[in-house]
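Structure first, then comments.
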Amino acid sequence: MRINKEQRVGVFVDVQNLYYSAKNLYKAKVNFAQVLREAVAGRKLVRAIAYVIKADIKEEKSFFGALEKIGYEVKSKDLQTFAGGAKKGDWDIGISMDMIELANKLDTTILVSGDGDFVPLVQHLRRAMGCKIEVMAIGPSSSGKLREEADEFIDIDKDKRKYLIKY
């Protein structure tokens, strides 16, 4: 990948997607500082947003604080619990809206998620808005279609030591 240091980039991190992929596949945690460093790659960072779900877990406040210290703007939403006990928490629409709203201020948008629900977003940003799209995710748990649609795919799985922290 050729890096243009003048490129303006935005990094949009689906924290739950990365967190659960790393936990389930490798029993590891994500090094979100390294993810941000690699995503930006010396270019001009306009915004870095980490989208999290609050689940009233004791450690989450310190985790959210750590994300802010690294340089992320943290956006949080409560975990929804439905009648019958089903739980849901995702930021797909929020991430999509932020990426679309910020696209005209960016040369490259970097989506850190392997969620295939983002395929139409990536297609829209590239085709209608002219953005270069980079996707960064853990390969085995990422959508093949999302990887195909991205201009660049950075597979965290290819360098686990760099991006993951063992428990």
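By order in the structure tokens, chains are A, B, ...; within a chain, residues start at 1; ligands start at 1, following the order shown.
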Which range 76-148 of chain A residues have any atom within 10 Å of an atom of range 8-26 of chain A, and for each, what is the nearest pair of atoms with distance in Å to one decimal, counting only C-alpha atoms, rows sorted by chain and number, as CSV?
residue,atom,partner,partner_atom,distance
A:Gly89,CA,A:Gln16,CA,8.8
A:Asp90,CA,A:Gln16,CA,7.9
A:Trp91,CA,A:Asp14,CA,7.3
A:Asp92,CA,A:Asp14,CA,8.2
A:Ile95,CA,A:Phe12,CA,6.9
A:Ser96,CA,A:Phe12,CA,9.3
A:Asp98,CA,A:Phe12,CA,8.5
A:Met99,CA,A:Phe12,CA,7.5
A:Leu102,CA,A:Gly10,CA,8.0
A:Ala103,CA,A:Gly10,CA,8.4
A:Lys105,CA,A:Arg8,CA,7.5
A:Leu106,CA,A:Arg8,CA,5.0
A:Asp107,CA,A:Arg8,CA,5.1
A:Thr108,CA,A:Val9,CA,4.9
A:Thr109,CA,A:Gly10,CA,5.1
A:Ile110,CA,A:Val11,CA,4.7
A:Leu111,CA,A:Phe12,CA,5.0
A:Val112,CA,A:Val13,CA,4.6
A:Ser113,CA,A:Asp14,CA,5.4
A:Gly114,CA,A:Asn17,CA,7.0
A:Asp115,CA,A:Asn17,CA,7.2
A:Cys131,CA,A:Val9,CA,10.0
A:Lys132,CA,A:Val9,CA,9.5
A:Ile133,CA,A:Val9,CA,9.9
A:Glu134,CA,A:Val11,CA,9.3
A:Val135,CA,A:Val11,CA,9.6
A:Met136,CA,A:Val13,CA,9.1
A:Ala137,CA,A:Leu18,CA,7.0
A:Ile138,CA,A:Ser21,CA,6.9
A:Gly139,CA,A:Ser21,CA,9.5
A:Pro140,CA,A:Leu25,CA,8.5
A:Ser141,CA,A:Ser21,CA,6.4
A:Ser142,CA,A:Ser21,CA,8.9
Any chance you could export the current selection's C-alpha atoms as a PDB file, in the first residue's frame?
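Output file part.pdb follows:
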ATOM      1  CA  GLY A  89     -26.445  -3.663  20.764  1.00  0.00           C
ATOM      2  CA  ASP A  90     -25.023  -2.438  17.514  1.00  0.00           C
ATOM      3  CA  TRP A  91     -23.904   0.778  15.942  1.00  0.00           C
ATOM      4  CA  ASP A  92     -24.355  -0.060  12.247  1.00  0.00           C
ATOM      5  CA  ILE A  95     -21.302   4.318  12.086  1.00  0.00           C
ATOM      6  CA  SER A  96     -22.834   4.583   8.612  1.00  0.00           C
ATOM      7  CA  ASP A  98     -20.984   9.355  10.688  1.00  0.00           C
ATOM      8  CA  MET A  99     -18.996   7.976   7.747  1.00  0.00           C
ATOM      9  CA  LEU A 102     -17.690  13.083   7.328  1.00  0.00           C
ATOM     10  CA  ALA A 103     -16.896  11.720   3.843  1.00  0.00           C
ATOM     11  CA  LYS A 105     -13.844  16.062   4.789  1.00  0.00           C
ATOM     12  CA  LEU A 106     -11.833  12.874   4.143  1.00  0.00           C
ATOM     13  CA  ASP A 107      -9.771  11.364   1.356  1.00  0.00           C
ATOM     14  CA  THR A 108      -9.842   7.903   2.911  1.00  0.00           C
ATOM     15  CA  THR A 109     -12.354   6.358   5.272  1.00  0.00           C
ATOM     16  CA  ILE A 110     -11.138   3.458   7.367  1.00  0.00           C
ATOM     17  CA  LEU A 111     -13.757   1.078   8.681  1.00  0.00           C
ATOM     18  CA  VAL A 112     -12.498  -1.192  11.432  1.00  0.00           C
ATOM     19  CA  SER A 113     -15.056  -4.001  11.303  1.00  0.00           C
ATOM     20  CA  GLY A 114     -15.629  -7.223   9.437  1.00  0.00           C
ATOM     21  CA  ASP A 115     -19.418  -6.891   9.493  1.00  0.00           C
ATOM     22  CA  CYS A 131     -13.793   8.076  -1.039  1.00  0.00           C
ATOM     23  CA  LYS A 132     -11.008   5.568  -0.898  1.00  0.00           C
ATOM     24  CA  ILE A 133     -12.163   2.831   1.476  1.00  0.00           C
ATOM     25  CA  GLU A 134      -9.906   0.808   3.700  1.00  0.00           C
ATOM     26  CA  VAL A 135     -11.289  -1.977   5.859  1.00  0.00           C
ATOM     27  CA  MET A 136      -9.366  -3.376   8.790  1.00  0.00           C
ATOM     28  CA  ALA A 137     -10.640  -6.529  10.485  1.00  0.00           C
ATOM     29  CA  ILE A 138      -9.811 -10.001  11.714  1.00  0.00           C
ATOM     30  CA  GLY A 139      -9.838 -12.002   8.466  1.00  0.00           C
ATOM     31  CA  PRO A 140     -11.520 -15.261   9.547  1.00  0.00           C
ATOM     32  CA  SER A 141     -14.472 -13.380  11.031  1.00  0.00           C
ATOM     33  CA  SER A 142     -14.877 -10.790   8.303  1.00  0.00           C
TER      34      SER A 142
END
What parts of range 16-106 of chain A does DSSP call helix (DSSP H, G or I)? I'd like the answer as a PyMOL selection string.
chain A and resi 16-26+32-40+60-70+92-105
So that I can check the surroundings of Gly65 in chain A, please list as a PyMOL selection string every protein, DNA and RNA residue that reaches within 12 Å of it, counting only C-alpha atoms and ignoring chain neighbours fewer than 5 positions away.
chain A and resi 50+52+59-60+70-76
CA of Ile57 in chain A to CA of Ala39 in chain A, distance in Å rounded to a single decimal:
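Value for the CA of Ile57 in chain A-CA of Ala39 in chain A distance: 28.2 Å.
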Which value, in Å to one decimal, gives the distance between CA of Gln80 in chain A and CA of Phe64 in chain A?
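These two atoms are separated by 18.8 Å.
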If we count only C-alpha atoms, what is near Glu38 in chain A at a cut-off of 10 Å, once residues fewer than 6 positions away on the same chain are taken out, given as a ChimeraX atom specification?
/A:32,136,154,162-163
Can you work out the spacing between CA of Met97 in chain A and CA of Asn4 in chain A in Å, to one decimal?
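These two atoms are separated by 26.0 Å.
Residues within 10 Å of Ile3 in chain A, counting only C-alpha atoms and excluding same-chain residues fewer than 2 positions away, are Met1, Lys5, Glu6, Gln7, Val40, Ala41, Gly42 and Arg43 of chain A.
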